[in-house]
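What follows is final_0.txt (compact mmCIF, N, CA and C atoms).
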```
# COMPACT_ATOMS: atom_id res chain seq x y z
N MET Y 1 126.11 55.45 122.90
CA MET Y 1 124.95 56.13 122.39
C MET Y 1 123.65 55.59 123.03
N PRO Y 2 123.53 54.28 123.20
CA PRO Y 2 122.30 53.78 123.83
C PRO Y 2 122.10 54.33 125.25
N ALA Y 3 123.17 54.49 126.01
CA ALA Y 3 123.03 55.03 127.37
C ALA Y 3 122.55 56.47 127.35
N LEU Y 4 123.03 57.26 126.39
CA LEU Y 4 122.58 58.65 126.28
C LEU Y 4 121.12 58.71 125.84
N ALA Y 5 120.75 57.86 124.88
CA ALA Y 5 119.36 57.82 124.42
C ALA Y 5 118.42 57.40 125.56
N ALA Y 6 118.86 56.43 126.36
CA ALA Y 6 118.04 55.99 127.50
C ALA Y 6 117.88 57.10 128.53
N LEU Y 7 118.95 57.83 128.80
CA LEU Y 7 118.87 58.94 129.75
C LEU Y 7 117.97 60.05 129.19
N TYR Y 8 118.10 60.35 127.92
CA TYR Y 8 117.26 61.34 127.27
C TYR Y 8 115.78 60.97 127.44
N ALA Y 9 115.44 59.72 127.13
CA ALA Y 9 114.06 59.26 127.23
C ALA Y 9 113.57 59.31 128.68
N LEU Y 10 114.41 58.92 129.62
CA LEU Y 10 114.05 58.97 131.04
C LEU Y 10 113.74 60.40 131.46
N CYS Y 11 114.58 61.33 131.05
CA CYS Y 11 114.34 62.75 131.39
C CYS Y 11 113.03 63.23 130.80
N ALA Y 12 112.77 62.87 129.54
CA ALA Y 12 111.52 63.28 128.91
C ALA Y 12 110.32 62.73 129.68
N ARG Y 13 110.39 61.46 130.07
CA ARG Y 13 109.27 60.83 130.80
C ARG Y 13 109.09 61.43 132.19
N GLU Y 14 110.17 61.51 132.95
CA GLU Y 14 110.04 61.91 134.35
C GLU Y 14 110.00 63.41 134.56
N LEU Y 15 110.84 64.14 133.86
CA LEU Y 15 110.88 65.59 134.05
C LEU Y 15 109.85 66.29 133.17
N GLY Y 16 109.63 65.73 131.99
CA GLY Y 16 108.68 66.33 131.07
C GLY Y 16 107.28 66.49 131.63
N ARG Y 17 106.86 65.54 132.42
CA ARG Y 17 105.48 65.63 132.94
C ARG Y 17 105.29 66.75 133.96
N GLN Y 18 106.40 67.36 134.40
CA GLN Y 18 106.29 68.52 135.29
C GLN Y 18 105.84 69.77 134.54
N VAL Y 19 106.08 69.79 133.22
CA VAL Y 19 105.76 70.98 132.44
C VAL Y 19 104.93 70.70 131.19
N TYR Y 20 104.74 69.44 130.82
CA TYR Y 20 104.03 69.08 129.60
C TYR Y 20 102.93 68.06 129.89
N GLY Y 21 101.99 67.95 128.96
CA GLY Y 21 100.95 66.95 129.04
C GLY Y 21 101.45 65.61 128.50
N PRO Y 22 100.65 64.54 128.67
CA PRO Y 22 101.07 63.20 128.25
C PRO Y 22 101.45 63.09 126.77
N LYS Y 23 100.72 63.73 125.87
CA LYS Y 23 101.05 63.64 124.44
C LYS Y 23 102.38 64.35 124.14
N GLN Y 24 102.61 65.46 124.81
CA GLN Y 24 103.88 66.17 124.62
C GLN Y 24 105.04 65.34 125.15
N VAL Y 25 104.85 64.72 126.31
CA VAL Y 25 105.91 63.88 126.89
C VAL Y 25 106.23 62.73 125.94
N ALA Y 26 105.20 62.08 125.41
CA ALA Y 26 105.43 60.95 124.49
C ALA Y 26 106.17 61.41 123.23
N ALA Y 27 105.81 62.57 122.70
CA ALA Y 27 106.49 63.08 121.51
C ALA Y 27 107.95 63.40 121.82
N TRP Y 28 108.19 64.06 122.95
CA TRP Y 28 109.55 64.41 123.35
C TRP Y 28 110.39 63.13 123.52
N GLU Y 29 109.85 62.17 124.23
CA GLU Y 29 110.57 60.92 124.50
C GLU Y 29 110.92 60.19 123.21
N SER Y 30 110.07 60.27 122.19
CA SER Y 30 110.28 59.51 120.96
C SER Y 30 111.57 59.89 120.23
N PHE Y 31 112.06 61.09 120.43
CA PHE Y 31 113.28 61.50 119.73
C PHE Y 31 114.47 60.61 120.11
N GLY Y 32 114.53 60.17 121.35
CA GLY Y 32 115.62 59.30 121.78
C GLY Y 32 115.62 57.96 121.07
N ALA Y 33 114.46 57.54 120.57
CA ALA Y 33 114.36 56.26 119.86
C ALA Y 33 114.69 56.42 118.37
N ASP Y 34 114.78 57.65 117.88
CA ASP Y 34 115.11 57.91 116.48
C ASP Y 34 116.63 57.87 116.35
N THR Y 35 117.18 56.69 116.22
CA THR Y 35 118.62 56.48 116.31
C THR Y 35 119.45 57.38 115.40
N PRO Y 36 119.18 57.48 114.08
CA PRO Y 36 120.03 58.35 113.25
C PRO Y 36 119.95 59.83 113.67
N ALA Y 37 118.76 60.32 113.94
CA ALA Y 37 118.62 61.73 114.33
C ALA Y 37 119.25 61.98 115.70
N PHE Y 38 119.05 61.07 116.63
CA PHE Y 38 119.62 61.23 117.96
C PHE Y 38 121.15 61.18 117.89
N ARG Y 39 121.68 60.25 117.12
CA ARG Y 39 123.14 60.13 116.95
C ARG Y 39 123.70 61.43 116.38
N SER Y 40 123.04 62.00 115.39
CA SER Y 40 123.48 63.26 114.80
C SER Y 40 123.42 64.39 115.82
N TYR Y 41 122.38 64.39 116.63
CA TYR Y 41 122.19 65.39 117.69
C TYR Y 41 123.36 65.36 118.67
N ILE Y 42 123.81 64.18 119.04
CA ILE Y 42 124.91 64.03 119.99
C ILE Y 42 126.26 64.29 119.31
N LEU Y 43 126.49 63.68 118.17
CA LEU Y 43 127.79 63.78 117.51
C LEU Y 43 127.99 65.10 116.77
N GLY Y 44 126.92 65.85 116.56
CA GLY Y 44 127.02 67.15 115.91
C GLY Y 44 127.50 68.24 116.85
N ALA Y 45 127.83 67.87 118.04
CA ALA Y 45 128.30 68.83 119.06
C ALA Y 45 129.47 68.21 119.81
N ASP Y 46 130.18 69.06 120.51
CA ASP Y 46 131.22 68.59 121.43
C ASP Y 46 130.47 68.24 122.72
N THR Y 47 130.15 66.97 122.88
CA THR Y 47 129.28 66.53 123.97
C THR Y 47 130.10 65.97 125.13
N TRP Y 48 129.82 66.50 126.31
CA TRP Y 48 130.51 66.10 127.54
C TRP Y 48 129.58 65.26 128.40
N LEU Y 49 130.15 64.26 129.04
CA LEU Y 49 129.37 63.35 129.89
C LEU Y 49 129.81 63.47 131.34
N ALA Y 50 128.85 63.28 132.22
CA ALA Y 50 129.15 63.11 133.65
C ALA Y 50 128.76 61.68 133.97
N CYS Y 51 129.69 60.92 134.52
CA CYS Y 51 129.45 59.50 134.80
C CYS Y 51 129.80 59.17 136.24
N ASP Y 52 129.11 58.18 136.76
CA ASP Y 52 129.46 57.60 138.05
C ASP Y 52 130.48 56.50 137.75
N VAL Y 53 131.72 56.73 138.12
CA VAL Y 53 132.77 55.78 137.75
C VAL Y 53 132.59 54.41 138.40
N SER Y 54 131.97 54.37 139.57
CA SER Y 54 131.80 53.07 140.23
C SER Y 54 130.78 52.19 139.53
N SER Y 55 129.75 52.80 138.94
CA SER Y 55 128.72 52.01 138.26
C SER Y 55 128.76 52.16 136.75
N ALA Y 56 129.59 53.07 136.24
CA ALA Y 56 129.68 53.40 134.81
C ALA Y 56 128.35 53.92 134.26
N GLN Y 57 127.53 54.47 135.14
CA GLN Y 57 126.24 55.03 134.73
C GLN Y 57 126.43 56.48 134.28
N VAL Y 58 125.81 56.83 133.15
CA VAL Y 58 125.82 58.22 132.69
C VAL Y 58 124.82 58.99 133.54
N LEU Y 59 125.32 60.06 134.18
CA LEU Y 59 124.47 60.89 135.04
C LEU Y 59 123.95 62.12 134.32
N GLY Y 60 124.64 62.51 133.25
CA GLY Y 60 124.21 63.67 132.49
C GLY Y 60 125.09 63.90 131.29
N PHE Y 61 124.63 64.77 130.39
CA PHE Y 61 125.42 65.13 129.23
C PHE Y 61 125.02 66.51 128.73
N CYS Y 62 125.99 67.17 128.09
CA CYS Y 62 125.78 68.51 127.55
C CYS Y 62 126.66 68.67 126.33
N GLY Y 63 126.08 69.17 125.24
CA GLY Y 63 126.85 69.37 124.02
C GLY Y 63 126.66 70.75 123.43
N VAL Y 64 127.75 71.32 122.93
CA VAL Y 64 127.75 72.62 122.26
C VAL Y 64 128.46 72.44 120.92
N ASP Y 65 127.83 72.95 119.84
CA ASP Y 65 128.45 72.79 118.53
C ASP Y 65 129.42 73.93 118.20
N ALA Y 66 130.05 73.87 117.05
CA ALA Y 66 131.08 74.83 116.66
C ALA Y 66 130.53 76.23 116.42
N GLN Y 67 129.21 76.39 116.32
CA GLN Y 67 128.60 77.71 116.16
C GLN Y 67 128.10 78.26 117.50
N GLY Y 68 128.28 77.52 118.58
CA GLY Y 68 127.85 77.97 119.90
C GLY Y 68 126.43 77.58 120.25
N GLU Y 69 125.83 76.71 119.46
CA GLU Y 69 124.48 76.23 119.76
C GLU Y 69 124.57 75.10 120.78
N VAL Y 70 123.86 75.26 121.90
CA VAL Y 70 123.82 74.20 122.90
C VAL Y 70 122.82 73.16 122.40
N HIS Y 71 123.32 72.00 122.02
CA HIS Y 71 122.47 70.94 121.50
C HIS Y 71 121.72 70.23 122.60
N SER Y 72 122.40 69.99 123.71
CA SER Y 72 121.79 69.14 124.73
C SER Y 72 122.23 69.56 126.12
N LEU Y 73 121.36 69.28 127.07
CA LEU Y 73 121.68 69.42 128.49
C LEU Y 73 120.67 68.56 129.24
N TYR Y 74 121.11 67.39 129.64
CA TYR Y 74 120.24 66.44 130.33
C TYR Y 74 120.96 65.87 131.54
N VAL Y 75 120.23 65.78 132.65
CA VAL Y 75 120.76 65.23 133.89
C VAL Y 75 119.77 64.19 134.40
N HIS Y 76 120.29 63.06 134.86
CA HIS Y 76 119.44 62.00 135.41
C HIS Y 76 118.53 62.61 136.47
N PRO Y 77 117.22 62.31 136.42
CA PRO Y 77 116.30 62.90 137.40
C PRO Y 77 116.71 62.69 138.86
N ALA Y 78 117.34 61.57 139.17
CA ALA Y 78 117.77 61.32 140.56
C ALA Y 78 118.91 62.25 140.97
N GLN Y 79 119.56 62.87 139.99
CA GLN Y 79 120.69 63.77 140.28
C GLN Y 79 120.29 65.24 140.18
N GLY Y 80 119.02 65.48 139.93
CA GLY Y 80 118.55 66.84 139.72
C GLY Y 80 118.67 67.73 140.95
N ARG Y 81 118.80 69.01 140.71
CA ARG Y 81 118.85 70.05 141.74
C ARG Y 81 120.06 69.92 142.66
N ARG Y 82 121.14 69.36 142.11
CA ARG Y 82 122.39 69.22 142.88
C ARG Y 82 123.54 69.97 142.22
N GLY Y 83 123.26 70.69 141.15
CA GLY Y 83 124.29 71.48 140.48
C GLY Y 83 124.98 70.79 139.32
N LEU Y 84 124.60 69.55 139.02
CA LEU Y 84 125.28 68.83 137.94
C LEU Y 84 124.98 69.47 136.58
N GLY Y 85 123.75 69.89 136.33
CA GLY Y 85 123.42 70.55 135.07
C GLY Y 85 124.20 71.84 134.90
N THR Y 86 124.29 72.61 135.98
CA THR Y 86 125.07 73.85 135.94
C THR Y 86 126.53 73.55 135.65
N LEU Y 87 127.07 72.53 136.29
CA LEU Y 87 128.47 72.14 136.08
C LEU Y 87 128.70 71.68 134.64
N LEU Y 88 127.82 70.85 134.11
CA LEU Y 88 127.97 70.38 132.73
C LEU Y 88 127.91 71.53 131.74
N LEU Y 89 126.91 72.41 131.91
CA LEU Y 89 126.77 73.53 131.00
C LEU Y 89 127.98 74.46 131.10
N SER Y 90 128.41 74.75 132.31
CA SER Y 90 129.58 75.62 132.50
C SER Y 90 130.82 75.03 131.84
N HIS Y 91 131.01 73.73 132.00
CA HIS Y 91 132.17 73.06 131.40
C HIS Y 91 132.09 73.10 129.87
N ALA Y 92 130.93 72.77 129.32
CA ALA Y 92 130.78 72.76 127.86
C ALA Y 92 130.99 74.16 127.28
N LEU Y 93 130.45 75.18 127.94
CA LEU Y 93 130.64 76.55 127.46
C LEU Y 93 132.11 76.98 127.58
N ALA Y 94 132.76 76.60 128.68
CA ALA Y 94 134.18 76.94 128.86
C ALA Y 94 135.03 76.27 127.78
N GLN Y 95 134.73 75.03 127.46
CA GLN Y 95 135.48 74.34 126.42
C GLN Y 95 135.27 75.02 125.07
N ALA Y 96 134.04 75.44 124.80
CA ALA Y 96 133.76 76.15 123.55
C ALA Y 96 134.50 77.49 123.52
N ARG Y 97 134.52 78.20 124.64
CA ARG Y 97 135.26 79.47 124.71
C ARG Y 97 136.74 79.25 124.43
N SER Y 98 137.28 78.14 124.91
CA SER Y 98 138.69 77.87 124.67
C SER Y 98 138.97 77.64 123.18
N GLN Y 99 137.92 77.39 122.40
CA GLN Y 99 138.04 77.22 120.95
C GLN Y 99 137.70 78.52 120.22
N GLY Y 100 137.49 79.61 120.99
CA GLY Y 100 137.21 80.91 120.39
C GLY Y 100 135.74 81.24 120.22
N ILE Y 101 134.86 80.38 120.66
CA ILE Y 101 133.42 80.64 120.53
C ILE Y 101 132.99 81.54 121.69
N ILE Y 102 132.29 82.62 121.37
CA ILE Y 102 131.85 83.54 122.42
C ILE Y 102 130.35 83.79 122.41
N ARG Y 103 129.68 83.41 121.32
CA ARG Y 103 128.23 83.61 121.21
C ARG Y 103 127.55 82.26 121.38
N PHE Y 104 126.61 82.19 122.32
CA PHE Y 104 125.93 80.94 122.62
C PHE Y 104 124.42 81.12 122.55
N ALA Y 105 123.75 80.06 122.12
CA ALA Y 105 122.29 80.08 122.04
C ALA Y 105 121.78 78.66 122.28
N ALA Y 106 120.50 78.57 122.65
CA ALA Y 106 119.88 77.26 122.89
C ALA Y 106 118.38 77.39 122.74
N TRP Y 107 117.74 76.27 122.47
CA TRP Y 107 116.29 76.16 122.58
C TRP Y 107 116.02 75.52 123.93
N ALA Y 108 115.33 76.24 124.78
CA ALA Y 108 115.08 75.77 126.14
C ALA Y 108 113.63 75.37 126.33
N THR Y 109 113.41 74.46 127.23
CA THR Y 109 112.07 74.07 127.65
C THR Y 109 111.70 74.89 128.88
N PRO Y 110 110.43 74.83 129.30
CA PRO Y 110 110.09 75.51 130.55
C PRO Y 110 110.93 74.99 131.72
N PHE Y 111 111.35 73.74 131.64
CA PHE Y 111 112.13 73.14 132.71
C PHE Y 111 113.57 73.65 132.72
N SER Y 112 114.18 73.80 131.54
CA SER Y 112 115.60 74.16 131.48
C SER Y 112 115.86 75.66 131.38
N ARG Y 113 114.85 76.43 131.04
CA ARG Y 113 115.06 77.87 130.83
C ARG Y 113 115.76 78.57 132.01
N PRO Y 114 115.35 78.34 133.27
CA PRO Y 114 116.03 79.03 134.37
C PRO Y 114 117.52 78.72 134.45
N LEU Y 115 117.91 77.49 134.17
CA LEU Y 115 119.33 77.13 134.22
C LEU Y 115 120.11 77.89 133.15
N PHE Y 116 119.56 77.95 131.94
CA PHE Y 116 120.23 78.69 130.87
C PHE Y 116 120.33 80.18 131.21
N GLU Y 117 119.28 80.72 131.80
CA GLU Y 117 119.30 82.14 132.16
C GLU Y 117 120.35 82.42 133.24
N ARG Y 118 120.49 81.52 134.19
CA ARG Y 118 121.54 81.69 135.22
C ARG Y 118 122.93 81.65 134.60
N ALA Y 119 123.05 80.98 133.45
CA ALA Y 119 124.35 80.89 132.76
C ALA Y 119 124.58 82.09 131.84
N GLY Y 120 123.65 83.04 131.82
CA GLY Y 120 123.85 84.25 131.02
C GLY Y 120 123.18 84.25 129.67
N LEU Y 121 122.36 83.25 129.37
CA LEU Y 121 121.62 83.23 128.11
C LEU Y 121 120.22 83.77 128.38
N ALA Y 122 119.93 84.94 127.84
CA ALA Y 122 118.67 85.63 128.10
C ALA Y 122 117.60 85.22 127.08
N LEU Y 123 116.35 85.34 127.49
CA LEU Y 123 115.22 85.04 126.60
C LEU Y 123 115.24 85.98 125.41
N ARG Y 124 115.17 85.42 124.21
CA ARG Y 124 115.13 86.21 122.97
C ARG Y 124 113.81 86.03 122.24
N ALA Y 125 113.16 84.87 122.41
CA ALA Y 125 111.89 84.61 121.73
C ALA Y 125 111.17 83.44 122.40
N THR Y 126 109.85 83.48 122.32
CA THR Y 126 109.02 82.36 122.75
C THR Y 126 108.31 81.85 121.49
N VAL Y 127 108.41 80.55 121.25
CA VAL Y 127 107.88 79.95 120.04
C VAL Y 127 106.94 78.81 120.41
N ARG Y 128 105.78 78.78 119.77
CA ARG Y 128 104.86 77.65 119.89
C ARG Y 128 104.79 76.99 118.53
N GLU Y 129 105.24 75.73 118.46
CA GLU Y 129 105.24 75.03 117.18
C GLU Y 129 105.08 73.53 117.41
N PRO Y 130 104.60 72.83 116.38
CA PRO Y 130 104.38 71.39 116.54
C PRO Y 130 105.65 70.57 116.37
N TYR Y 131 105.70 69.49 117.10
CA TYR Y 131 106.71 68.45 116.94
C TYR Y 131 105.97 67.13 117.09
N GLN Y 132 106.10 66.25 116.13
CA GLN Y 132 105.39 64.96 116.15
C GLN Y 132 103.88 65.18 116.31
N GLY Y 133 103.37 66.27 115.73
CA GLY Y 133 101.94 66.55 115.75
C GLY Y 133 101.42 67.16 117.04
N VAL Y 134 102.32 67.50 117.97
CA VAL Y 134 101.93 68.07 119.25
C VAL Y 134 102.61 69.43 119.40
N VAL Y 135 101.85 70.43 119.83
CA VAL Y 135 102.40 71.78 119.97
C VAL Y 135 103.19 71.90 121.28
N PHE Y 136 104.38 72.48 121.16
CA PHE Y 136 105.25 72.75 122.30
C PHE Y 136 105.53 74.24 122.37
N GLU Y 137 105.69 74.74 123.58
CA GLU Y 137 106.20 76.09 123.76
C GLU Y 137 107.66 75.94 124.13
N ARG Y 138 108.52 76.61 123.35
CA ARG Y 138 109.97 76.57 123.61
C ARG Y 138 110.47 77.99 123.67
N TYR Y 139 111.63 78.14 124.26
CA TYR Y 139 112.21 79.46 124.46
C TYR Y 139 113.58 79.51 123.79
N ARG Y 140 113.78 80.56 123.00
CA ARG Y 140 115.10 80.78 122.41
C ARG Y 140 115.86 81.66 123.37
N VAL Y 141 117.00 81.17 123.84
CA VAL Y 141 117.84 81.92 124.77
C VAL Y 141 119.21 82.08 124.12
N ALA Y 142 119.85 83.22 124.40
CA ALA Y 142 121.16 83.48 123.82
C ALA Y 142 121.86 84.55 124.63
N ASN Y 143 123.17 84.62 124.46
CA ASN Y 143 123.94 85.68 125.13
C ASN Y 143 124.23 86.84 124.16
N PHE Y 144 123.45 86.91 123.09
CA PHE Y 144 123.54 87.99 122.11
C PHE Y 144 122.17 88.15 121.48
N ASN Y 145 121.91 89.26 120.82
CA ASN Y 145 120.65 89.45 120.11
C ASN Y 145 120.75 88.79 118.75
N GLU Y 146 119.72 88.03 118.41
CA GLU Y 146 119.72 87.34 117.12
C GLU Y 146 118.31 87.34 116.55
N ALA Y 147 118.22 87.20 115.26
CA ALA Y 147 116.92 87.02 114.62
C ALA Y 147 116.63 85.53 114.60
N CYS Y 148 115.49 85.14 115.12
CA CYS Y 148 115.15 83.71 115.17
C CYS Y 148 114.49 83.27 113.89
```

Let me see the file written as structure tokens.
Amino acid sequence: MPALAALYALCARELGRQVYGPKQVAAWESFGADTPAFRSYILGADTWLACDVSSAQVLGFCGVDAQGEVHSLYVHPAQGRRGLGTLLLSHALAQARSQGIIRFAAWATPFSRPLFERAGLALRATVREPYQGVVFERYRVANFNEAC
């Protein structure tokens, strides 16, 4: 769990600043330090890891819960734009499909939205709401029409 929380925080710090301001990045990063909530976020889904076996470093993770909600999709910034996020998401969705799940949805950031859309989850809503006192714009994506 600590390795996943560290990767989550690293992604928030390094990737977040490409699409968010400093206060938003700090708020996003803080979730990784909230141990009970972060643990629930990871364990509340069937979470898959990509690891470098030679160094035992976690390179990315993706989790989908029993209702088809994509909880997480994070890839180490040094591994970005190499297809690992696509591979993790594809694997997690395929595993969920093997359990009979066919409807998928996620809350995407400006950074992750294109990857979800390439996987067949279309934009359903744009939401601006506060988290940790800072307003974020997030995108609801899904492969079905839903009321948000």

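Restricting the calculation to only N, CA and C atoms, the smallest distance between Arg39 (chain Y) and any of Y:Ala9, Y:Cys62, Y:Met1, Y:Val141 is found for Y:Met1.
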
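Of the residues in region 23-109 of chain Y, those given strand (DSSP E or B) by DSSP on the backbone are Asp46, Thr47, Trp48, Leu49, Ala50, Cys51, Asp52, Gln57, Val58, Leu59, Gly60, Phe61, Cys62, Gly63, Val64, Glu69, Val70, His71, Ser72, Leu73, Tyr74, Val75, Ala105, Ala106, Trp107 and Ala108 of chain Y.
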
Contacts of Leu59 (chain Y) within 10 Å, only C-alpha atoms, excl. fewer than 4 positions in-chain, as an MDAnalysis selection string: chainID Y and resid 3:4 7 49:52 74:80 84:85

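Remark: for Trp107 (chain Y), the closest of the candidate residues Y:Trp48, Y:Ala5, Y:Ala142, Y:Ala26 is Y:Ala142 (distances computed over only N, CA and C atoms).
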
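The coordinates place CA of Gln18 (chain Y) at 13.8 Å from CA of Glu137 (chain Y).
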
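Among the candidates Y:Asp34, Y:Val134, Y:Ala56, Y:Ala105, the residue lying nearest to Leu121 (chain Y) is Y:Ala105 (atoms considered: all atoms listed in the file).
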
Nearest to Leu89 (chain Y) by atom-to-atom distance, counting all atoms listed in the file, from Y:Gly32, Y:Pro2, Y:Gly63, Y:Pro130: Y:Gly63

Quick one: residues within 8 Å of Asp46 (chain Y), only N, CA and C atoms, excluding same-chain residues fewer than 5 positions away - as a tab-separated table (two decimals) with N, CA and C atoms, keeping the file's coordinate frame?
```tsv
chain	number	residue	atom	x	y	z
Y	41	TYR	N	122.38	64.39	116.63
Y	41	TYR	CA	122.19	65.39	117.69
Y	41	TYR	C	123.36	65.36	118.67
Y	62	CYS	N	125.99	67.17	128.09
Y	62	CYS	CA	125.78	68.51	127.55
Y	62	CYS	C	126.66	68.67	126.33
Y	63	GLY	N	126.08	69.17	125.24
Y	63	GLY	CA	126.85	69.37	124.02
Y	63	GLY	C	126.66	70.75	123.43
Y	64	VAL	N	127.75	71.32	122.93
Y	64	VAL	CA	127.75	72.62	122.26
Y	64	VAL	C	128.46	72.44	120.92
Y	65	ASP	N	127.83	72.95	119.84
Y	65	ASP	CA	128.45	72.79	118.53
Y	65	ASP	C	129.42	73.93	118.20
Y	66	ALA	N	130.05	73.87	117.05
Y	66	ALA	CA	131.08	74.83	116.66
Y	66	ALA	C	130.53	76.23	116.42
Y	71	HIS	N	123.32	72.00	122.02
Y	71	HIS	CA	122.47	70.94	121.50
Y	71	HIS	C	121.72	70.23	122.60
Y	92	ALA	N	130.93	72.77	129.32
Y	92	ALA	CA	130.78	72.76	127.86
Y	92	ALA	C	130.99	74.16	127.28
```

8 Å contact set for Ala122 (chain Y), only N, CA and C atoms, chain neighbours under 3 positions out, as an mmCIF file with N, CA and C atoms, in the frame of the given file:
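Listed below is the output, out19.cif:
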```cif
data_model
loop_
_atom_site.group_PDB
_atom_site.id
_atom_site.type_symbol
_atom_site.label_atom_id
_atom_site.label_comp_id
_atom_site.auth_asym_id
_atom_site.auth_seq_id
_atom_site.Cartn_x
_atom_site.Cartn_y
_atom_site.Cartn_z
ATOM 1 N N PHE Y 104 126.610 82.190 122.320
ATOM 2 C CA PHE Y 104 125.930 80.940 122.620
ATOM 3 C C PHE Y 104 124.420 81.120 122.550
ATOM 4 N N ALA Y 105 123.750 80.060 122.120
ATOM 5 C CA ALA Y 105 122.290 80.080 122.040
ATOM 6 C C ALA Y 105 121.780 78.660 122.280
ATOM 7 N N PHE Y 116 119.560 77.950 131.940
ATOM 8 C CA PHE Y 116 120.230 78.690 130.870
ATOM 9 C C PHE Y 116 120.330 80.180 131.210
ATOM 10 N N GLU Y 117 119.280 80.720 131.800
ATOM 11 C CA GLU Y 117 119.300 82.140 132.160
ATOM 12 C C GLU Y 117 120.350 82.420 133.240
ATOM 13 N N ARG Y 118 120.490 81.520 134.190
ATOM 14 C CA ARG Y 118 121.540 81.690 135.220
ATOM 15 C C ARG Y 118 122.930 81.650 134.600
ATOM 16 N N ALA Y 119 123.050 80.980 133.450
ATOM 17 C CA ALA Y 119 124.350 80.890 132.760
ATOM 18 C C ALA Y 119 124.580 82.090 131.840
ATOM 19 N N ALA Y 125 113.160 84.870 122.410
ATOM 20 C CA ALA Y 125 111.890 84.610 121.730
ATOM 21 C C ALA Y 125 111.170 83.440 122.400
ATOM 22 N N TYR Y 139 111.630 78.140 124.260
ATOM 23 C CA TYR Y 139 112.210 79.460 124.460
ATOM 24 C C TYR Y 139 113.580 79.510 123.790
ATOM 25 N N ARG Y 140 113.780 80.560 123.000
ATOM 26 C CA ARG Y 140 115.100 80.780 122.410
ATOM 27 C C ARG Y 140 115.860 81.660 123.370
ATOM 28 N N VAL Y 141 117.000 81.170 123.840
ATOM 29 C CA VAL Y 141 117.840 81.920 124.770
ATOM 30 C C VAL Y 141 119.210 82.080 124.120
ATOM 31 N N ALA Y 142 119.850 83.220 124.400
ATOM 32 C CA ALA Y 142 121.160 83.480 123.820
ATOM 33 C C ALA Y 142 121.860 84.550 124.630
ATOM 34 N N ASN Y 143 123.170 84.620 124.460
ATOM 35 C CA ASN Y 143 123.940 85.680 125.130
ATOM 36 C C ASN Y 143 124.230 86.840 124.160
ATOM 37 N N PHE Y 144 123.450 86.910 123.090
ATOM 38 C CA PHE Y 144 123.540 87.990 122.110
ATOM 39 C C PHE Y 144 122.170 88.150 121.480
#
```

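With atom N of Val58 (chain Y) on one side and CA of Leu87 (chain Y) on the other, the separation reads 15.8 Å.
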
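Atom C of Leu73 (chain Y) is found 19.8 Å from atom C of Ser55 (chain Y).
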
DSSP on the backbone: what in chain Y comes out alpha helix (DSSP H), as a ChimeraX atom specification? /Y:2-14,22-30,35-43,84-98,113-118

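With all atoms listed in the file as the basis for measurement, Y:Gly68 is the residue among Y:Pro114, Y:Gly68, Y:Val127, Y:Ser54 that approaches Ile101 (chain Y) most closely.
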
Repair of region 101-110 of chain Y at the level of N, CA, C and O atoms, as an mmCIF file, in the frame of the given file:
```cif
data_model
loop_
_atom_site.group_PDB
_atom_site.id
_atom_site.type_symbol
_atom_site.label_atom_id
_atom_site.label_comp_id
_atom_site.auth_asym_id
_atom_site.auth_seq_id
_atom_site.Cartn_x
_atom_site.Cartn_y
_atom_site.Cartn_z
ATOM 1 N N ILE Y 101 134.860 80.380 120.660
ATOM 2 C CA ILE Y 101 133.420 80.640 120.530
ATOM 3 C C ILE Y 101 132.990 81.540 121.690
ATOM 4 O O ILE Y 101 133.286 81.246 122.848
ATOM 5 N N ILE Y 102 132.290 82.620 121.370
ATOM 6 C CA ILE Y 102 131.850 83.540 122.420
ATOM 7 C C ILE Y 102 130.350 83.790 122.410
ATOM 8 O O ILE Y 102 129.802 84.316 123.354
ATOM 9 N N ARG Y 103 129.680 83.410 121.320
ATOM 10 C CA ARG Y 103 128.230 83.610 121.210
ATOM 11 C C ARG Y 103 127.550 82.260 121.380
ATOM 12 O O ARG Y 103 127.884 81.302 120.677
ATOM 13 N N PHE Y 104 126.610 82.190 122.320
ATOM 14 C CA PHE Y 104 125.930 80.940 122.620
ATOM 15 C C PHE Y 104 124.420 81.120 122.550
ATOM 16 O O PHE Y 104 123.895 82.183 122.913
ATOM 17 N N ALA Y 105 123.750 80.060 122.120
ATOM 18 C CA ALA Y 105 122.290 80.080 122.040
ATOM 19 C C ALA Y 105 121.780 78.660 122.280
ATOM 20 O O ALA Y 105 122.515 77.676 122.137
ATOM 21 N N ALA Y 106 120.500 78.570 122.650
ATOM 22 C CA ALA Y 106 119.880 77.260 122.890
ATOM 23 C C ALA Y 106 118.380 77.390 122.740
ATOM 24 O O ALA Y 106 117.807 78.478 122.894
ATOM 25 N N TRP Y 107 117.740 76.270 122.470
ATOM 26 C CA TRP Y 107 116.290 76.160 122.580
ATOM 27 C C TRP Y 107 116.020 75.520 123.930
ATOM 28 O O TRP Y 107 116.479 74.416 124.191
ATOM 29 N N ALA Y 108 115.330 76.240 124.780
ATOM 30 C CA ALA Y 108 115.080 75.770 126.140
ATOM 31 C C ALA Y 108 113.630 75.370 126.330
ATOM 32 O O ALA Y 108 112.733 75.899 125.665
ATOM 33 N N THR Y 109 113.410 74.460 127.230
ATOM 34 C CA THR Y 109 112.070 74.070 127.650
ATOM 35 C C THR Y 109 111.700 74.890 128.880
ATOM 36 O O THR Y 109 112.559 75.532 129.489
ATOM 37 N N PRO Y 110 110.430 74.830 129.300
ATOM 38 C CA PRO Y 110 110.090 75.510 130.550
ATOM 39 C C PRO Y 110 110.930 74.990 131.720
ATOM 40 O O PRO Y 110 111.233 75.731 132.651
#
```
